[in-house]
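*Asks:* My file is input-v6.txt. It has compact mmCIF, C-alpha atoms:
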```
# COMPACT_ATOMS: atom_id res chain seq x y z
CA MET A 24 1.70 35.15 -88.02
CA THR A 25 4.63 33.69 -86.13
CA GLN A 26 2.54 32.52 -83.19
CA THR A 27 -0.81 30.75 -82.86
CA THR A 28 -3.89 32.60 -83.98
CA THR A 29 -7.50 31.88 -84.94
CA ARG A 30 -9.51 33.78 -87.51
CA VAL A 31 -12.45 33.49 -89.89
CA LEU A 32 -11.17 32.23 -93.22
CA GLU A 33 -11.78 34.16 -96.43
CA PRO A 34 -12.25 32.98 -100.03
CA SER A 35 -8.53 33.51 -100.65
CA ASP A 36 -7.81 30.81 -98.03
CA LEU A 37 -9.63 28.13 -100.03
CA GLU A 38 -6.58 26.20 -101.23
CA ALA A 39 -5.07 25.99 -97.75
CA ALA A 40 -8.42 24.91 -96.26
CA LEU A 41 -8.82 22.15 -98.85
CA GLU A 42 -5.35 20.87 -98.01
CA VAL A 43 -6.40 20.47 -94.37
CA LEU A 44 -9.67 18.80 -95.33
CA ASP A 45 -7.84 16.39 -97.62
CA ARG A 46 -5.90 14.91 -94.70
CA ASP A 47 -8.91 12.75 -93.79
CA PRO A 48 -11.31 12.56 -96.75
CA VAL A 49 -13.69 10.16 -95.01
CA ALA A 50 -14.13 11.91 -91.66
CA ASN A 51 -14.17 15.32 -93.36
CA ALA A 52 -16.57 14.42 -96.18
CA PHE A 53 -19.42 16.61 -94.89
CA VAL A 54 -17.39 19.79 -94.56
CA THR A 55 -15.34 19.11 -97.70
CA SER A 56 -18.47 18.65 -99.80
CA ARG A 57 -19.84 22.00 -98.63
CA VAL A 58 -16.58 23.84 -99.20
CA GLN A 59 -16.10 22.38 -102.67
CA VAL A 60 -19.55 23.62 -103.69
CA ALA A 61 -19.72 26.94 -101.82
CA GLY A 62 -16.12 27.96 -101.19
CA LEU A 63 -15.44 29.91 -98.00
CA ASP A 64 -17.86 32.79 -98.45
CA PRO A 65 -20.04 32.60 -95.28
CA TRP A 66 -23.24 33.46 -97.14
CA ARG A 67 -22.85 30.62 -99.64
CA LEU A 68 -21.28 28.23 -97.13
CA GLY A 69 -24.06 28.66 -94.61
CA GLY A 70 -21.63 29.55 -91.83
CA GLU A 71 -18.12 30.64 -91.04
CA MET A 72 -14.98 28.57 -91.40
CA TRP A 73 -12.59 29.19 -88.54
CA GLY A 74 -8.92 28.51 -89.09
CA TYR A 75 -6.30 27.78 -86.46
CA TYR A 76 -2.78 28.83 -87.43
CA GLU A 77 0.48 27.79 -85.85
CA GLY A 78 3.72 29.32 -87.03
CA GLY A 79 1.90 30.90 -89.93
CA GLU A 80 0.55 27.56 -91.19
CA LEU A 81 -3.11 26.59 -91.24
CA ARG A 82 -3.34 23.48 -89.05
CA SER A 83 -7.00 22.99 -88.10
CA LEU A 84 -10.50 24.10 -89.11
CA CYS A 85 -13.89 24.45 -87.48
CA TYR A 86 -17.08 24.83 -89.49
CA ALA A 87 -19.48 27.08 -87.59
CA GLY A 88 -22.91 26.93 -89.18
CA ALA A 89 -26.04 24.98 -88.30
CA ASN A 90 -23.53 22.45 -86.94
CA LEU A 91 -20.25 23.14 -85.18
CA VAL A 92 -17.73 20.73 -86.71
CA PRO A 93 -14.05 20.51 -85.69
CA VAL A 94 -11.79 19.43 -88.54
CA CYS A 95 -8.32 17.92 -87.96
CA ALA A 96 -8.44 19.81 -84.67
CA THR A 97 -5.40 19.55 -82.39
CA PRO A 98 -5.90 20.02 -78.63
CA GLU A 99 -4.58 23.58 -78.96
CA ALA A 100 -6.96 24.28 -81.82
CA VAL A 101 -9.90 22.88 -79.83
CA ARG A 102 -9.18 25.32 -77.02
CA ALA A 103 -8.96 28.20 -79.48
CA PHE A 104 -12.20 27.19 -81.21
CA ALA A 105 -13.98 26.81 -77.86
CA ASP A 106 -12.86 30.31 -76.86
CA ARG A 107 -14.23 31.78 -80.09
CA ALA A 108 -17.47 29.80 -79.74
CA ARG A 109 -17.97 31.08 -76.19
CA ARG A 110 -17.50 34.67 -77.35
CA THR A 111 -19.89 34.39 -80.28
CA GLY A 112 -22.53 32.40 -78.38
CA ARG A 113 -24.32 29.28 -79.51
CA ARG A 114 -25.74 29.56 -83.01
CA CYS A 115 -25.70 25.87 -83.91
CA SER A 116 -28.20 23.09 -83.32
CA SER A 117 -25.47 20.49 -82.79
CA ILE A 118 -21.77 19.84 -82.36
CA VAL A 119 -20.63 16.87 -84.42
CA GLY A 120 -17.33 15.46 -85.55
CA PRO A 121 -14.59 12.95 -84.73
CA ALA A 122 -15.17 11.77 -81.18
CA GLU A 123 -11.97 12.89 -79.45
CA PRO A 124 -11.84 16.57 -80.50
CA THR A 125 -15.62 16.87 -80.31
CA ALA A 126 -15.62 15.57 -76.73
CA ALA A 127 -12.84 18.01 -75.80
CA LEU A 128 -14.73 20.88 -77.43
CA TRP A 129 -17.91 20.00 -75.56
CA ARG A 130 -16.12 19.78 -72.20
CA LEU A 131 -14.99 23.37 -72.69
CA LEU A 132 -18.35 24.62 -73.96
CA GLU A 133 -20.76 22.73 -71.69
CA PRO A 134 -20.40 25.14 -68.73
CA HIS A 135 -21.44 27.96 -71.06
CA TRP A 136 -23.79 26.25 -73.51
CA GLY A 137 -25.14 23.33 -71.52
CA PRO A 138 -27.13 21.39 -70.86
CA ALA A 139 -27.50 19.59 -74.17
CA ARG A 140 -30.71 17.87 -75.14
CA ASP A 141 -28.77 14.71 -75.97
CA VAL A 142 -25.13 13.63 -76.11
CA ARG A 143 -24.16 10.66 -78.27
CA GLY A 144 -20.59 10.11 -77.23
CA HIS A 145 -19.63 7.18 -79.45
CA GLN A 146 -21.00 6.79 -82.96
CA PRO A 147 -18.95 4.25 -84.93
CA LEU A 148 -17.72 5.53 -88.30
CA MET A 149 -18.00 2.75 -90.87
CA VAL A 150 -16.73 2.45 -94.44
CA THR A 151 -16.77 0.13 -97.42
CA GLU A 152 -15.01 0.24 -100.79
CA GLN A 153 -16.79 -2.59 -102.58
CA PRO A 154 -20.27 -3.97 -103.17
CA SER A 155 -21.57 -6.41 -100.59
CA ALA A 156 -20.39 -9.97 -101.05
CA GLU A 157 -23.03 -11.28 -98.65
CA VAL A 158 -26.19 -9.26 -99.30
CA GLY A 159 -27.77 -8.84 -102.70
CA PRO A 160 -29.00 -5.35 -103.60
CA ASP A 161 -32.74 -4.68 -103.61
CA PRO A 162 -33.62 -4.28 -107.31
CA LEU A 163 -36.58 -2.07 -106.39
CA VAL A 164 -34.44 0.61 -104.73
CA ARG A 165 -34.15 3.53 -107.13
CA ARG A 166 -33.43 7.23 -107.29
CA ILE A 167 -36.28 9.48 -106.24
CA ARG A 168 -37.40 11.77 -109.05
CA LYS A 169 -37.81 15.53 -108.77
CA ASN A 170 -41.58 15.25 -109.07
CA GLU A 171 -41.76 12.86 -106.09
CA MET A 172 -41.08 15.31 -103.25
CA ASP A 173 -44.57 14.71 -101.83
CA LEU A 174 -43.76 10.98 -101.75
CA ILE A 175 -40.39 11.17 -100.00
CA MET A 176 -40.95 14.07 -97.56
CA PRO A 177 -43.15 12.21 -95.03
CA ALA A 178 -40.54 9.44 -94.79
CA CYS A 179 -37.74 12.01 -94.36
CA VAL A 180 -39.66 13.80 -91.60
CA ALA A 181 -40.41 10.50 -89.85
CA MET A 182 -36.76 9.45 -90.00
CA PHE A 183 -35.48 12.79 -88.71
CA THR A 184 -38.01 12.92 -85.86
CA GLU A 185 -37.25 9.35 -84.84
CA GLU A 186 -33.48 9.84 -84.99
CA VAL A 187 -33.07 13.34 -83.56
CA GLY A 188 -36.05 13.53 -81.23
CA VAL A 189 -37.60 16.71 -82.66
CA SER A 190 -39.45 17.40 -85.88
CA PRO A 191 -37.57 19.19 -88.67
CA MET A 192 -40.83 21.00 -89.41
CA ALA A 193 -40.60 23.07 -86.21
CA GLY A 194 -39.30 26.61 -86.17
CA ASP A 195 -39.42 27.75 -89.80
CA GLY A 196 -42.16 25.33 -90.75
CA GLY A 197 -39.64 22.99 -92.29
CA LEU A 198 -38.54 25.31 -95.10
CA LEU A 199 -34.82 24.67 -94.64
CA TYR A 200 -35.32 20.94 -94.25
CA GLN A 201 -37.52 20.73 -97.34
CA ALA A 202 -34.90 22.68 -99.28
CA ARG A 203 -32.20 20.23 -98.20
CA VAL A 204 -34.31 17.20 -99.19
CA ALA A 205 -35.06 18.85 -102.54
CA GLU A 206 -31.34 19.46 -103.05
CA LEU A 207 -30.55 15.77 -102.51
CA VAL A 208 -33.40 14.66 -104.77
CA GLY A 209 -32.35 17.12 -107.46
CA SER A 210 -28.75 15.92 -107.37
CA GLY A 211 -29.78 12.27 -107.68
CA ARG A 212 -28.64 11.32 -104.17
CA SER A 213 -32.00 10.30 -102.67
CA PHE A 214 -32.94 6.61 -102.92
CA ALA A 215 -35.98 4.58 -101.91
CA ARG A 216 -37.97 1.42 -102.39
CA VAL A 217 -41.58 2.39 -103.11
CA GLU A 218 -44.53 0.01 -102.92
CA ASP A 219 -48.12 1.05 -103.69
CA GLY A 220 -47.21 4.71 -103.40
CA ARG A 221 -45.50 4.31 -100.00
CA VAL A 222 -41.83 4.46 -99.06
CA VAL A 223 -40.67 1.15 -97.58
CA PHE A 224 -36.94 1.97 -97.36
CA LYS A 225 -35.02 5.17 -97.94
CA ALA A 226 -31.51 6.60 -97.64
CA GLU A 227 -29.56 9.54 -99.02
CA ILE A 228 -25.97 10.23 -99.95
CA GLY A 229 -25.77 13.38 -97.88
CA ALA A 230 -22.17 14.40 -98.52
CA ALA A 231 -20.19 13.63 -101.64
CA THR A 232 -16.67 14.39 -102.80
CA ALA A 233 -14.45 12.77 -105.40
CA ARG A 234 -12.77 10.70 -102.69
CA ALA A 235 -15.58 9.72 -100.30
CA CYS A 236 -19.29 10.00 -99.71
CA GLN A 237 -21.47 9.64 -96.64
CA VAL A 238 -24.81 7.83 -96.45
CA GLN A 239 -27.40 9.32 -94.11
CA GLY A 240 -31.09 9.12 -93.31
CA VAL A 241 -31.40 5.34 -93.49
CA TRP A 242 -34.98 4.46 -92.60
CA VAL A 243 -37.44 1.58 -92.96
CA ALA A 244 -41.17 2.11 -92.46
CA PRO A 245 -42.12 0.59 -89.06
CA GLU A 246 -44.54 -1.97 -90.50
CA PHE A 247 -41.81 -3.31 -92.80
CA ARG A 248 -39.05 -3.67 -90.25
CA GLY A 249 -37.49 -7.03 -89.51
CA ARG A 250 -37.70 -8.19 -93.12
CA GLY A 251 -34.16 -7.34 -94.21
CA HIS A 252 -35.02 -4.16 -96.14
CA SER A 253 -32.30 -2.17 -94.40
CA GLU A 254 -29.65 -4.65 -95.58
CA THR A 255 -30.79 -5.13 -99.18
CA GLY A 256 -31.62 -1.44 -99.47
CA MET A 257 -28.21 -0.39 -98.20
CA ALA A 258 -26.53 -2.89 -100.52
CA ALA A 259 -28.31 -1.17 -103.41
CA VAL A 260 -27.35 2.33 -102.23
CA VAL A 261 -23.71 1.24 -101.84
CA GLU A 262 -23.68 0.00 -105.44
CA PHE A 263 -25.14 3.30 -106.70
CA ALA A 264 -22.61 5.24 -104.63
CA LEU A 265 -19.55 3.27 -105.71
CA ARG A 266 -20.57 3.38 -109.36
CA ASP A 267 -21.65 7.02 -109.60
CA VAL A 268 -20.22 9.02 -106.68
CA ALA A 269 -17.01 8.00 -104.90
CA PRO A 270 -14.67 5.06 -104.27
CA VAL A 271 -15.36 5.02 -100.52
CA VAL A 272 -18.81 4.92 -98.90
CA SER A 273 -19.11 5.88 -95.24
CA LEU A 274 -21.71 6.37 -92.54
CA TYR A 275 -21.84 6.78 -88.80
CA VAL A 276 -24.34 5.12 -86.50
CA ASN A 277 -25.32 5.29 -82.85
CA ASP A 278 -23.43 2.71 -80.83
CA PHE A 279 -26.61 1.62 -79.04
CA ASN A 280 -28.23 0.70 -82.37
CA THR A 281 -26.81 -2.80 -82.39
CA ALA A 282 -29.23 -4.03 -85.04
CA ALA A 283 -28.18 -1.36 -87.52
CA ARG A 284 -24.49 -1.91 -86.83
CA ALA A 285 -24.90 -5.64 -87.45
CA ALA A 286 -26.83 -4.98 -90.66
CA TYR A 287 -24.17 -2.61 -91.96
CA ARG A 288 -21.45 -5.15 -91.19
CA ARG A 289 -23.33 -7.77 -93.20
CA VAL A 290 -23.50 -5.32 -96.09
CA GLY A 291 -19.71 -5.02 -95.90
CA PHE A 292 -19.07 -1.95 -93.77
CA ARG A 293 -16.29 -2.01 -91.18
CA GLU A 294 -15.61 0.36 -88.30
CA VAL A 295 -12.66 2.73 -88.77
CA GLY A 296 -13.24 5.36 -86.09
CA ALA A 297 -15.94 7.14 -84.14
CA PHE A 298 -17.94 10.34 -84.26
CA MET A 299 -19.70 12.18 -81.46
CA SER A 300 -22.83 14.32 -81.58
CA VAL A 301 -24.11 16.89 -79.10
CA LEU A 302 -27.73 17.87 -79.83
CA PHE A 303 -29.36 21.06 -78.54
```
As a first step, turn the structure in this file into structure tokens.
*Replies:*
Amino acid sequence: MTQTTTRVLEPSDLEAALEVLDRDPVANAFVTSRVQVAGLDPWRLGGEMWGYYEGGELRSLCYAGANLVPVCATPEAVRAFADRARRTGRRCSSIVGPAEPTAALWRLLEPHWGPARDVRGHQPLMVTEQPSAEVGPDPLVRRIRKNEMDLIMPACVAMFTEEVGVSPMAGDGGLLYQARVAELVGSGRSFARVEDGRVVFKAEIGAATARACQVQGVWVAPEFRGRGHSETGMAAVVEFALRDVAPVVSLYVNDFNTAARAAYRRVGFREVGAFMSVLF
């Protein structure tokens, strides 16, 4: 391979793929966490990993599963990934990743895959490496237990529907979504404040590696909003994450959600970049 080429990676390419992923452990936390658990076998990974080579060296990746995710993608790699995506057709429900390569990928794919249901062009990526100095953690936030799936699922469905605009229970009846929630609960990465048998606040650590983790699914029940639960709840989740999971906690948030961005800043998060999401 003396010139540029793109191909589906195989299990034997794992070490080289991890080297690429390790270049940006925060932005790549989602894909890295999947690869570390499942390797590069498409069946276990839940999709293919495309590799872009230049001069025989693996330079960029693109995870092609339920999401299409460019990883350390150069402009040349983006064009190569877009060409492969056009040929294979759309199999994903979203394109998501660092804003610049994701925007370039979407510009090339939109004439073939568009229109999208929603495009969120600027989603600040925020991180923290220490517990909040300003907001005390909610002492009632705790890990959800394996026997509490019936308790947490309605809150997860409400959050997903509110955030994405469609119910995760559509299509397969929610089997895949329920399996994902059960996976997070089983691994001790689902957290909530529960009062009188109802979830007041919840969040999950959706992706976790030894170097960084990513908080997702932050939600407060509508009747409890405006009382500071998102701040104290997040402060608690950050403490759990820093103590038990990784030295860096990250999340990304819609830029139009000014209230959430302000709350995360008070908890100690700072903006270090931006993601972009294209939803189908």
*Asks:* So, with all atoms listed in the file as the atoms that count, which of A:Gly137, A:Gly74, A:Pro65, A:Gly188 lies closest to A:Ala89?
*Replies:* A:Pro65
*Asks:* Which one of A:Lys169, A:Arg140, A:Arg67, A:Arg130 sits closest to A:Glu206 if you count only C-alpha atoms?
*Replies:*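 Among A:Lys169, A:Arg140, A:Arg67, A:Arg130, it is A:Lys169 that comes nearest to A:Glu206.
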*Asks:* Kindly give the distance, in Å, that separates atom CA of A:Glu152 and atom CA of A:Cys236, rounded to a single decimal.
*Replies:*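 Computing it gives 10.7 Å between the two atoms.
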*Asks:* Which value, in Å to one decimal, gives the distance between atom CA of A:Cys179 and atom CA of A:Pro48?
*Replies:*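 Interatomic distance, atom CA of A:Cys179 to atom CA of A:Pro48: 26.5 Å.
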*Asks:* May I have the residues within 12 Å of A:Ala283 as a ChimeraX atom specification, using only C-alpha atoms and disregarding those fewer than 2 positions away in the same chain?
*Replies:* /A:146-147,149,241-243,248-249,251-254,257,274-281,285-290,292
*Asks:* Hey, what's within 10 Å of A:Ala96 if we count all atoms listed in the file and toss same-chain stuff fewer than 3 positions away? As a PyMOL selection string, please?
*Replies:* chain A and resi 43+74-75+82-85+92-93+99-104+120-121+123-125+128
*Asks:* Closest to A:Pro191 among A:Pro245, A:Gly78, A:Pro177, A:Gly211, using all atoms listed in the file?
*Replies:*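 For A:Pro191, the nearest of the candidates is A:Pro177.
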*Asks:* Could you give me, as a compact mmCIF listing (two decimals) with C-alpha atoms, in the frame of the given file, the residues within 10 Å of stretch 216-221 of chain A, counting only C-alpha atoms and dropping anything in the same chain fewer than 5 positions from it?
*Replies:*
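Listed below is the output, out-v8.txt:
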```txt
# COMPACT_ATOMS: atom_id res chain seq x y z
CA ASP A 161 -32.74 -4.68 -103.61
CA PRO A 162 -33.62 -4.28 -107.31
CA LEU A 163 -36.58 -2.07 -106.39
CA VAL A 164 -34.44 0.61 -104.73
CA ARG A 165 -34.15 3.53 -107.13
CA ARG A 166 -33.43 7.23 -107.29
CA ILE A 167 -36.28 9.48 -106.24
CA LEU A 174 -43.76 10.98 -101.75
CA ILE A 175 -40.39 11.17 -100.00
CA PRO A 177 -43.15 12.21 -95.03
CA ALA A 178 -40.54 9.44 -94.79
CA ALA A 226 -31.51 6.60 -97.64
CA VAL A 243 -37.44 1.58 -92.96
CA ALA A 244 -41.17 2.11 -92.46
CA HIS A 252 -35.02 -4.16 -96.14
CA GLY A 256 -31.62 -1.44 -99.47
```
*Asks:* Taking (-18.6, 6.3, -104.0) in the file's coordinates as the center, which residues reach within 10 Å of it, counting all atoms listed in the file, put as a PyMOL selection string?
*Replies:* chain A and resi 151-153+228+231-238+260-273
*Asks:* Ranking A:Glu33, A:Ala39, A:Arg168, A:Gly194 by minimum distance to A:Ser116 and counting only C-alpha atoms, which one comes first?
*Replies:*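 Of all the options, A:Gly194 lies closest to A:Ser116.
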*Asks:* Could you list, as a ChimeraX atom specification, every residue within 12 Å of A:Glu133, counting all atoms listed in the file and ignoring same-chain residues fewer than 3 positions away?
*Replies:* /A:105,108-109,112-113,118,125-130,136-140,142,301-303
*Asks:* Could you please take those selected residues and save C-alpha atoms as a PDB file, in the coordinates of the input?
*Replies:*
```pdb
ATOM      1  CA  ALA A 105     -13.980  26.810 -77.860  1.00  0.00           C
ATOM      2  CA  ALA A 108     -17.470  29.800 -79.740  1.00  0.00           C
ATOM      3  CA  ARG A 109     -17.970  31.080 -76.190  1.00  0.00           C
ATOM      4  CA  GLY A 112     -22.530  32.400 -78.380  1.00  0.00           C
ATOM      5  CA  ARG A 113     -24.320  29.280 -79.510  1.00  0.00           C
ATOM      6  CA  ILE A 118     -21.770  19.840 -82.360  1.00  0.00           C
ATOM      7  CA  THR A 125     -15.620  16.870 -80.310  1.00  0.00           C
ATOM      8  CA  ALA A 126     -15.620  15.570 -76.730  1.00  0.00           C
ATOM      9  CA  ALA A 127     -12.840  18.010 -75.800  1.00  0.00           C
ATOM     10  CA  LEU A 128     -14.730  20.880 -77.430  1.00  0.00           C
ATOM     11  CA  TRP A 129     -17.910  20.000 -75.560  1.00  0.00           C
ATOM     12  CA  ARG A 130     -16.120  19.780 -72.200  1.00  0.00           C
ATOM     13  CA  TRP A 136     -23.790  26.250 -73.510  1.00  0.00           C
ATOM     14  CA  GLY A 137     -25.140  23.330 -71.520  1.00  0.00           C
ATOM     15  CA  PRO A 138     -27.130  21.390 -70.860  1.00  0.00           C
ATOM     16  CA  ALA A 139     -27.500  19.590 -74.170  1.00  0.00           C
ATOM     17  CA  ARG A 140     -30.710  17.870 -75.140  1.00  0.00           C
ATOM     18  CA  VAL A 142     -25.130  13.630 -76.110  1.00  0.00           C
ATOM     19  CA  VAL A 301     -24.110  16.890 -79.100  1.00  0.00           C
ATOM     20  CA  LEU A 302     -27.730  17.870 -79.830  1.00  0.00           C
ATOM     21  CA  PHE A 303     -29.360  21.060 -78.540  1.00  0.00           C
TER      22      PHE A 303
END
```
*Asks:* For stretch 149-163 of chain A, I'd like the enclosing box, axis-aligned and padded by 8 Å on every side, reported as AutoDock Vina command-line options with centre and edge lengths in Å to one decimal.
*Replies:*
```
--center_x -25.8 --center_y -4.3 --center_z -99.1 --size_x 37.6 --size_y 30.0 --size_z 32.4
```
*Asks:* Show me the residues around (-13.7, 17.2, -96.9) - criterion: an atom at most 10 Å away, all atoms listed in the file counted - as a PyMOL selection string.
*Replies:* chain A and resi 40-59+94+230-236
*Asks:* What's the 10 Å shell around A:Arg107, counting only C-alpha atoms, without same-chain residues fewer than 6 positions away, as number ranges by chain?
*Replies:* A: 29-30, 73, 101
*Asks:* What is the atom CA of A:Ala205-atom CA of A:Phe247 distance in Å, reported with one decimal?
*Replies:*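 According to the coordinates, atom CA of A:Ala205 and atom CA of A:Phe247 are separated by 25.1 Å.
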*Asks:* Of the residues A:Pro154, A:Glu227, A:Thr184, A:Met72, which is the one nearest to A:Ala258, using all atoms listed in the file?
*Replies:*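 Smallest separation from A:Ala258 among the options: A:Pro154.
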*Asks:* For A:Val222, which residue among A:Ala282, A:Glu80, A:Met182, A:Val31 is the nearest when counting all atoms listed in the file?
*Replies:*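 With all atoms listed in the file as the atom set, the closest residue is A:Met182.
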*Asks:* Can you sort out stretch 49-75 of chain A so it carries N, CA and C atoms, written as a compact mmCIF listing (two decimals), keeping the file's coordinate frame?
*Replies:*
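Saved the output as result_2.txt:
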```txt
# COMPACT_ATOMS: atom_id res chain seq x y z
N VAL A 49 -12.48 10.84 -95.48
CA VAL A 49 -13.69 10.16 -95.01
C VAL A 49 -14.33 10.93 -93.87
N ALA A 50 -13.58 11.20 -92.82
CA ALA A 50 -14.13 11.91 -91.66
C ALA A 50 -14.57 13.32 -92.02
N ASN A 51 -13.90 13.93 -93.01
CA ASN A 51 -14.17 15.32 -93.36
C ASN A 51 -15.12 15.46 -94.55
N ALA A 52 -15.76 14.39 -94.96
CA ALA A 52 -16.57 14.42 -96.18
C ALA A 52 -17.66 15.48 -96.13
N PHE A 53 -18.32 15.64 -94.98
CA PHE A 53 -19.42 16.61 -94.89
C PHE A 53 -18.92 18.02 -95.14
N VAL A 54 -17.89 18.43 -94.41
CA VAL A 54 -17.39 19.79 -94.56
C VAL A 54 -16.74 19.99 -95.93
N THR A 55 -15.98 19.00 -96.39
CA THR A 55 -15.34 19.11 -97.70
C THR A 55 -16.37 19.31 -98.80
N SER A 56 -17.46 18.55 -98.75
CA SER A 56 -18.47 18.65 -99.80
C SER A 56 -19.08 20.05 -99.82
N ARG A 57 -19.28 20.65 -98.67
CA ARG A 57 -19.84 22.00 -98.63
C ARG A 57 -18.85 23.02 -99.17
N VAL A 58 -17.60 22.88 -98.77
CA VAL A 58 -16.58 23.84 -99.20
C VAL A 58 -16.34 23.74 -100.71
N GLN A 59 -16.34 22.54 -101.24
CA GLN A 59 -16.10 22.38 -102.67
C GLN A 59 -17.21 23.01 -103.50
N VAL A 60 -18.42 23.03 -102.97
CA VAL A 60 -19.55 23.62 -103.69
C VAL A 60 -19.64 25.13 -103.45
N ALA A 61 -19.44 25.55 -102.19
CA ALA A 61 -19.72 26.94 -101.82
C ALA A 61 -18.49 27.79 -101.60
N GLY A 62 -17.30 27.19 -101.53
CA GLY A 62 -16.12 27.96 -101.19
C GLY A 62 -16.16 28.37 -99.73
N LEU A 63 -15.53 29.47 -99.40
CA LEU A 63 -15.44 29.91 -98.00
C LEU A 63 -16.24 31.17 -97.73
N ASP A 64 -17.01 31.63 -98.69
CA ASP A 64 -17.86 32.79 -98.45
C ASP A 64 -18.97 32.39 -97.47
N PRO A 65 -19.07 33.04 -96.31
CA PRO A 65 -20.04 32.60 -95.28
C PRO A 65 -21.47 32.53 -95.78
N TRP A 66 -21.85 33.46 -96.65
CA TRP A 66 -23.24 33.46 -97.14
C TRP A 66 -23.55 32.19 -97.93
N ARG A 67 -22.64 31.82 -98.83
CA ARG A 67 -22.85 30.62 -99.64
C ARG A 67 -22.60 29.35 -98.84
N LEU A 68 -21.65 29.40 -97.91
CA LEU A 68 -21.28 28.23 -97.13
C LEU A 68 -22.31 27.89 -96.07
N GLY A 69 -23.09 28.87 -95.67
CA GLY A 69 -24.06 28.66 -94.61
C GLY A 69 -23.45 28.73 -93.23
N GLY A 70 -22.31 29.39 -93.11
CA GLY A 70 -21.63 29.55 -91.83
C GLY A 70 -20.20 30.01 -92.06
N GLU A 71 -19.51 30.24 -90.96
CA GLU A 71 -18.12 30.64 -91.04
C GLU A 71 -17.21 29.43 -90.99
N MET A 72 -16.03 29.57 -91.57
CA MET A 72 -14.98 28.57 -91.40
C MET A 72 -13.87 29.21 -90.57
N TRP A 73 -13.66 28.68 -89.39
CA TRP A 73 -12.59 29.19 -88.54
C TRP A 73 -11.31 28.42 -88.83
N GLY A 74 -10.21 29.14 -88.86
CA GLY A 74 -8.92 28.51 -89.09
C GLY A 74 -8.00 28.72 -87.92
N TYR A 75 -7.29 27.69 -87.54
CA TYR A 75 -6.30 27.78 -86.46
C TYR A 75 -4.92 27.70 -87.09
```
